[in-house]
$ cat protein14.cif   # mmCIF, C-alpha atoms
data_upload
#
loop_
_atom_site.group_PDB
_atom_site.id
_atom_site.type_symbol
_atom_site.label_atom_id
_atom_site.label_comp_id
_atom_site.auth_asym_id
_atom_site.auth_seq_id
_atom_site.Cartn_x
_atom_site.Cartn_y
_atom_site.Cartn_z
ATOM 1 C CA MET J 883 0.000 0.000 0.000
ATOM 2 C CA VAL J 884 2.893 2.379 0.749
ATOM 3 C CA VAL J 885 4.407 1.797 -2.679
ATOM 4 C CA GLY J 886 1.002 2.118 -4.340
ATOM 5 C CA CYS J 887 0.323 5.476 -2.679
ATOM 6 C CA ILE J 888 3.739 6.840 -3.634
ATOM 7 C CA TYR J 889 3.366 5.537 -7.181
ATOM 8 C CA ALA J 890 -0.107 7.052 -7.555
ATOM 9 C CA GLN J 891 1.007 10.401 -6.158
ATOM 10 C CA ALA J 892 4.400 10.824 -7.808
ATOM 11 C CA ILE J 893 4.218 8.885 -11.048
ATOM 12 C CA MET J 894 0.524 9.294 -11.858
ATOM 13 C CA ASP J 895 0.372 12.901 -10.537
ATOM 14 C CA GLY J 896 -2.092 12.094 -7.773
ATOM 15 C CA PRO J 897 -3.010 14.347 -4.868
ATOM 16 C CA LEU J 898 -0.411 15.142 -2.200
ATOM 17 C CA TRP J 899 -2.538 13.634 0.572
ATOM 18 C CA LEU J 900 -1.472 10.222 -0.753
ATOM 19 C CA ARG J 901 1.958 10.991 0.714
ATOM 20 C CA TRP J 902 0.386 11.272 4.179
ATOM 21 C CA VAL J 903 -1.471 7.984 3.646
ATOM 22 C CA ALA J 904 1.792 6.300 2.634
ATOM 23 C CA LEU J 905 3.513 7.711 5.728
ATOM 24 C CA ALA J 906 0.641 6.600 7.997
ATOM 25 C CA VAL J 907 0.722 3.051 6.597
ATOM 26 C CA PHE J 908 4.525 2.944 6.943
ATOM 27 C CA ILE J 909 4.316 4.066 10.570
ATOM 28 C CA ALA J 910 1.518 1.578 11.274
ATOM 29 C CA ALA J 911 3.633 -1.220 9.793
ATOM 30 C CA GLY J 912 6.557 -0.249 12.017
ATOM 31 C CA VAL J 913 4.458 -0.009 15.172
ATOM 32 C CA THR J 914 2.708 -3.333 14.585
ATOM 33 C CA ASP J 915 6.045 -4.997 13.798
ATOM 34 C CA PHE J 916 7.482 -3.697 17.069
ATOM 35 C CA LEU J 917 4.421 -4.797 19.066
ATOM 36 C CA ASP J 918 4.406 -8.219 17.402
ATOM 37 C CA GLY J 919 8.017 -8.818 18.406
ATOM 38 C CA TYR J 920 7.513 -7.382 21.870
ATOM 39 C CA TYR J 921 4.519 -9.559 22.689
ATOM 40 C CA ALA J 922 6.089 -12.629 21.106
ATOM 41 C CA ARG J 923 9.040 -12.238 23.465
ATOM 42 C CA ILE J 924 7.132 -11.509 26.668
ATOM 43 C CA TRP J 925 4.587 -14.283 26.012
ATOM 44 C CA ASP J 926 7.337 -16.644 24.804
ATOM 45 C CA GLN J 927 5.541 -17.182 21.507
ATOM 46 C CA HIS J 928 8.503 -16.882 19.150
ATOM 47 C CA SER J 929 9.679 -19.513 16.729
ATOM 48 C CA ALA J 930 12.686 -20.093 14.510
ATOM 49 C CA PHE J 931 10.465 -19.486 11.483
ATOM 50 C CA GLY J 932 9.282 -16.153 12.912
ATOM 51 C CA ARG J 933 12.825 -15.087 13.764
ATOM 52 C CA MET J 934 13.818 -15.835 10.175
ATOM 53 C CA LEU J 935 10.756 -14.295 8.505
ATOM 54 C CA ASP J 936 10.502 -11.063 10.517
ATOM 55 C CA PRO J 937 13.754 -9.473 9.298
ATOM 56 C CA ILE J 938 12.948 -10.532 5.739
ATOM 57 C CA ALA J 939 9.577 -8.771 5.921
ATOM 58 C CA ASP J 940 11.246 -5.700 7.439
ATOM 59 C CA LYS J 941 13.862 -5.585 4.684
ATOM 60 C CA LEU J 942 11.213 -6.004 1.988
ATOM 61 C CA LEU J 943 9.270 -3.024 3.342
ATOM 62 C CA VAL J 944 12.382 -0.854 3.598
ATOM 63 C CA ALA J 945 13.761 -1.938 0.217
ATOM 64 C CA SER J 946 10.452 -1.438 -1.593
ATOM 65 C CA CYS J 947 10.056 2.041 -0.072
ATOM 66 C CA LEU J 948 13.623 3.069 -0.900
ATOM 67 C CA LEU J 949 13.455 1.745 -4.430
ATOM 68 C CA MET J 950 10.062 3.391 -5.045
ATOM 69 C CA LEU J 951 11.356 6.678 -3.664
ATOM 70 C CA ALA J 952 14.406 6.374 -5.910
ATOM 71 C CA ARG J 953 12.010 5.983 -8.825
ATOM 72 C CA THR J 954 9.734 8.910 -8.078
ATOM 73 C CA ALA J 955 10.261 12.321 -9.557
ATOM 74 C CA SER J 956 10.140 14.076 -6.181
ATOM 75 C CA PHE J 957 13.066 11.986 -4.964
ATOM 76 C CA THR J 958 15.279 12.277 -8.037
ATOM 77 C CA ALA J 959 14.316 15.415 -9.982
ATOM 78 C CA GLY J 960 16.396 18.314 -8.832
ATOM 79 C CA ARG J 961 16.556 17.315 -5.171
ATOM 80 C CA CYS J 962 18.961 14.460 -5.397
ATOM 81 C CA GLY J 963 20.531 12.785 -8.325
ATOM 82 C CA PRO J 964 21.971 9.388 -9.061
ATOM 83 C CA PRO J 965 24.273 9.445 -6.008
ATOM 84 C CA SER J 966 21.347 9.483 -3.563
ATOM 85 C CA SER J 967 19.415 6.939 -5.606
ATOM 86 C CA SER J 968 22.517 4.766 -5.541
ATOM 87 C CA CYS J 969 22.800 5.338 -1.783
ATOM 88 C CA ALA J 970 19.215 4.125 -1.320
ATOM 89 C CA ALA J 971 19.722 1.047 -3.473
ATOM 90 C CA LYS J 972 23.038 0.092 -1.860
ATOM 91 C CA SER J 973 21.688 0.609 1.630
ATOM 92 C CA SER J 974 18.684 -1.631 1.031
ATOM 93 C CA CYS J 975 20.632 -4.306 -0.847
ATOM 94 C CA ARG J 976 23.358 -4.505 1.826
ATOM 95 C CA GLY J 977 20.619 -4.869 4.400
ATOM 96 C CA CYS J 978 18.992 -7.717 2.477
ATOM 97 C CA GLY J 979 22.320 -9.512 2.309
ATOM 98 C CA ASN J 980 22.774 -9.411 6.073
ATOM 99 C CA ILE J 981 19.550 -11.032 7.221
ATOM 100 C CA SER J 982 21.499 -13.963 8.629
ATOM 101 C CA ARG J 983 23.918 -11.807 10.594
ATOM 102 C CA ALA J 984 26.418 -12.933 13.165
ATOM 103 C CA ALA J 985 24.857 -12.658 16.612
ATOM 104 C CA GLY J 986 26.152 -11.622 19.947
ATOM 105 C CA GLN J 987 28.443 -8.624 19.708
ATOM 106 C CA ARG J 988 26.895 -5.629 21.423
ATOM 107 C CA ALA J 989 28.680 -2.934 19.379
ATOM 108 C CA ARG J 990 27.602 -4.547 16.129
ATOM 109 C CA ASP J 991 24.015 -4.791 17.312
ATOM 110 C CA GLN J 992 24.002 -1.170 18.474
ATOM 111 C CA ALA J 993 25.381 0.071 15.142
ATOM 112 C CA ARG J 994 22.771 -1.994 13.306
ATOM 113 C CA GLN J 995 20.003 -0.572 15.505
ATOM 114 C CA TRP J 996 21.199 2.989 14.892
ATOM 115 C CA LYS J 997 21.384 2.341 11.148
ATOM 116 C CA THR J 998 17.885 0.902 11.119
ATOM 117 C CA THR J 999 16.465 3.726 13.215
ATOM 118 C CA VAL J 1000 18.050 6.468 11.115
ATOM 119 C CA GLN J 1001 17.034 4.700 7.918
ATOM 120 C CA LEU J 1002 13.397 4.345 9.026
ATOM 121 C CA VAL J 1003 13.198 7.996 10.088
ATOM 122 C CA ALA J 1004 14.756 9.015 6.745
ATOM 123 C CA ILE J 1005 12.175 6.973 4.866
ATOM 124 C CA GLY J 1006 9.423 8.637 6.888
ATOM 125 C CA PHE J 1007 10.659 12.096 5.906
ATOM 126 C CA LEU J 1008 11.035 11.043 2.279
ATOM 127 C CA LEU J 1009 7.588 9.461 2.163
ATOM 128 C CA ALA J 1010 6.109 12.778 3.313
ATOM 129 C CA GLY J 1011 8.116 14.370 0.488
ATOM 130 C CA GLU J 1012 6.392 17.291 -1.218
ATOM 131 C CA ALA J 1013 3.485 17.205 1.223
ATOM 132 C CA GLY J 1014 5.914 17.439 4.119
ATOM 133 C CA ASP J 1015 7.815 20.262 2.397
ATOM 134 C CA GLN J 1016 4.616 22.320 2.442
ATOM 135 C CA VAL J 1017 4.491 21.973 6.240
ATOM 136 C CA ILE J 1018 8.235 22.039 6.981
ATOM 137 C CA PRO J 1019 10.216 23.272 3.955
ATOM 138 C CA ILE J 1020 13.276 21.101 4.675
ATOM 139 C CA THR J 1021 11.455 17.771 5.018
ATOM 140 C CA THR J 1022 12.928 16.174 1.889
ATOM 141 C CA GLN J 1023 16.428 17.542 2.527
ATOM 142 C CA THR J 1024 16.292 16.211 6.097
ATOM 143 C CA GLY J 1025 15.263 12.798 4.772
ATOM 144 C CA LEU J 1026 18.137 12.795 2.289
ATOM 145 C CA LEU J 1027 20.651 13.790 4.961
ATOM 146 C CA LEU J 1028 19.411 11.022 7.249
ATOM 147 C CA LEU J 1029 19.542 8.538 4.360
ATOM 148 C CA TRP J 1030 23.214 9.392 3.797
ATOM 149 C CA ILE J 1031 23.900 9.021 7.520
ATOM 150 C CA SER J 1032 22.249 5.588 7.444
ATOM 151 C CA ALA J 1033 24.438 4.730 4.443
ATOM 152 C CA ILE J 1034 27.518 5.503 6.555
ATOM 153 C CA PHE J 1035 26.206 3.183 9.280
ATOM 154 C CA THR J 1036 25.488 0.629 6.520
ATOM 155 C CA ILE J 1037 29.092 0.738 5.326
ATOM 156 C CA TYR J 1038 30.357 0.384 8.891
ATOM 157 C CA THR J 1039 28.087 -2.560 9.741
ATOM 158 C CA GLY J 1040 28.781 -4.179 6.361
ATOM 159 C CA TRP J 1041 32.533 -3.969 6.983
ATOM 160 C CA ASP J 1042 32.055 -5.304 10.507
ATOM 161 C CA TYR J 1043 29.973 -8.253 9.230
ATOM 162 C CA PHE J 1044 32.598 -8.957 6.573
ATOM 163 C CA ARG J 1045 35.409 -8.967 9.149
ATOM 164 C CA ALA J 1046 33.415 -11.212 11.495
ATOM 165 C CA GLY J 1047 32.644 -13.565 8.618
ATOM 166 C CA ILE J 1048 36.290 -13.793 7.543
ATOM 167 C CA HIS J 1049 37.343 -14.367 11.164
ATOM 168 C CA HIS J 1050 34.740 -17.132 11.461
ATOM 169 C CA LEU J 1051 35.943 -18.788 8.232
ATOM 170 C CA ILE J 1052 39.583 -18.654 9.295
ATOM 171 C CA LYS J 1053 38.691 -20.092 12.699
ATOM 172 C CA GLU J 1054 36.687 -22.885 11.011
ATOM 173 C CA ASP J 1055 39.626 -23.746 8.717
ATOM 174 C CA GLU J 1056 41.947 -24.035 11.708
ATOM 175 C CA GLU J 1057 39.736 -26.602 13.427
#

$ encode --input "protein14.cif" --output "structure tokens"
Amino acid sequence: MVVGCIYAQAIMDGPLWLRWVALAVFIAAGVTDFLDGYYARIWDQHSAFGRMLDPIADKLLVASCLLMLARTASFTAGRCGPPSSSCAAKSSCRGCGNISRAAGQRARDQARQWKTTVQLVAIGFLLAGEAGDQVIPITTQTGLLLLWISAIFTIYTGWDYFRAGIHHLIKEDEE
């Protein structure tokens, strides 16, 4: 629904209120995802399948939003060019590649949480887009800045995952 609203507004020249609908659905998806995980943990109702599927669903939502925003005219025409579109695509693709991440290291988890938080807030600003710019003129620019910050976190966590993976492979070869 988020992608459909953005497509209808930006590509098919629909009304700006579709941006607010897209943002509301995106926020609702995030809140329900958080509550689902929270209650699954406190009621001990989690499963291996759920632990595997939840991050995949999260990455699909983020990737579809970023790729749709990269496609829309409000995201690319005059406000950001190919570098920011590339940033969005790389950020989402790196995230999809790290669904089965190495567990346990607190610093890695904190960096990943910061990246995810900044990325989700950036997407929120960018989903508001032109409609948000009418309320707060720097909405889109704020979203782009936050997207670049999340890309920096993405590079850091990607490098950290790579190092941990190489270390794990070397350790396995020694055994």

$ closest_residue --input "protein14.cif" --among "J:Val1003, J:Ala922, J:Ala1013, J:Leu935" --to "Gly896 (chain J)" --atoms "all atoms listed in the file"
J:Ala1013

$ closest_residue --input "protein14.cif" --among "J:Gly932, J:His1049, J:Gln1016, J:Leu1029" --to "Trp899 (chain J)" --atoms "all atoms listed in the file"
J:Gln1016

$ residues_near_point --input "protein14.cif" --point "(10.6, -12.0, 11.3)" --cutoff "12 Å" --atoms "all atoms listed in the file" --output "ChimeraX atom specification"
/J:915-916,918-920,922,928-942,981-982

$ atom_distance --input "protein14.cif" --atom1 "CA of Leu1008 (chain J)" --atom2 "CA of Thr1024 (chain J)"
8.3 Å

$ closest_residue --input "protein14.cif" --among "J:Leu1009, J:Leu949, J:Leu1027, J:Ile1048" --to "Gln891 (chain J)" --atoms "all atoms listed in the file"
J:Leu1009

$ axis_aligned_box --input "protein14.cif" --around "region 1047-1052 of chain J" --padding-each-side "8 Å" --output "lines of an AutoDock Vina configuration file"
center_x = 36.1
center_y = -16.2
center_z = 9.5
size_x = 22.9
size_y = 21.2
size_z = 19.9

$ atom_distance --input "protein14.cif" --atom1 "CA of Ala906 (chain J)" --atom2 "CA of Cys887 (chain J)"
10.7 Å

$ residues_around --input "protein14.cif" --residues "Val1000 (chain J)" --least-positions-apart "5" --cutoff "10 Å" --atoms "only C-alpha atoms" --output "ChimeraX atom specification"
/J:994-995,1005-1006,1025,1027-1033,1035

$ closest_residue --input "protein14.cif" --among "J:Gly1011, J:Gln927, J:Val913, J:Ala1004" --to "Arg901 (chain J)" --atoms "all atoms listed in the file"
J:Gly1011

$ closest_residue --input "protein14.cif" --among "J:Thr999, J:Thr954, J:Ile888, J:Thr1039" --to "Leu900 (chain J)" --atoms "all atoms listed in the file"
J:Ile888
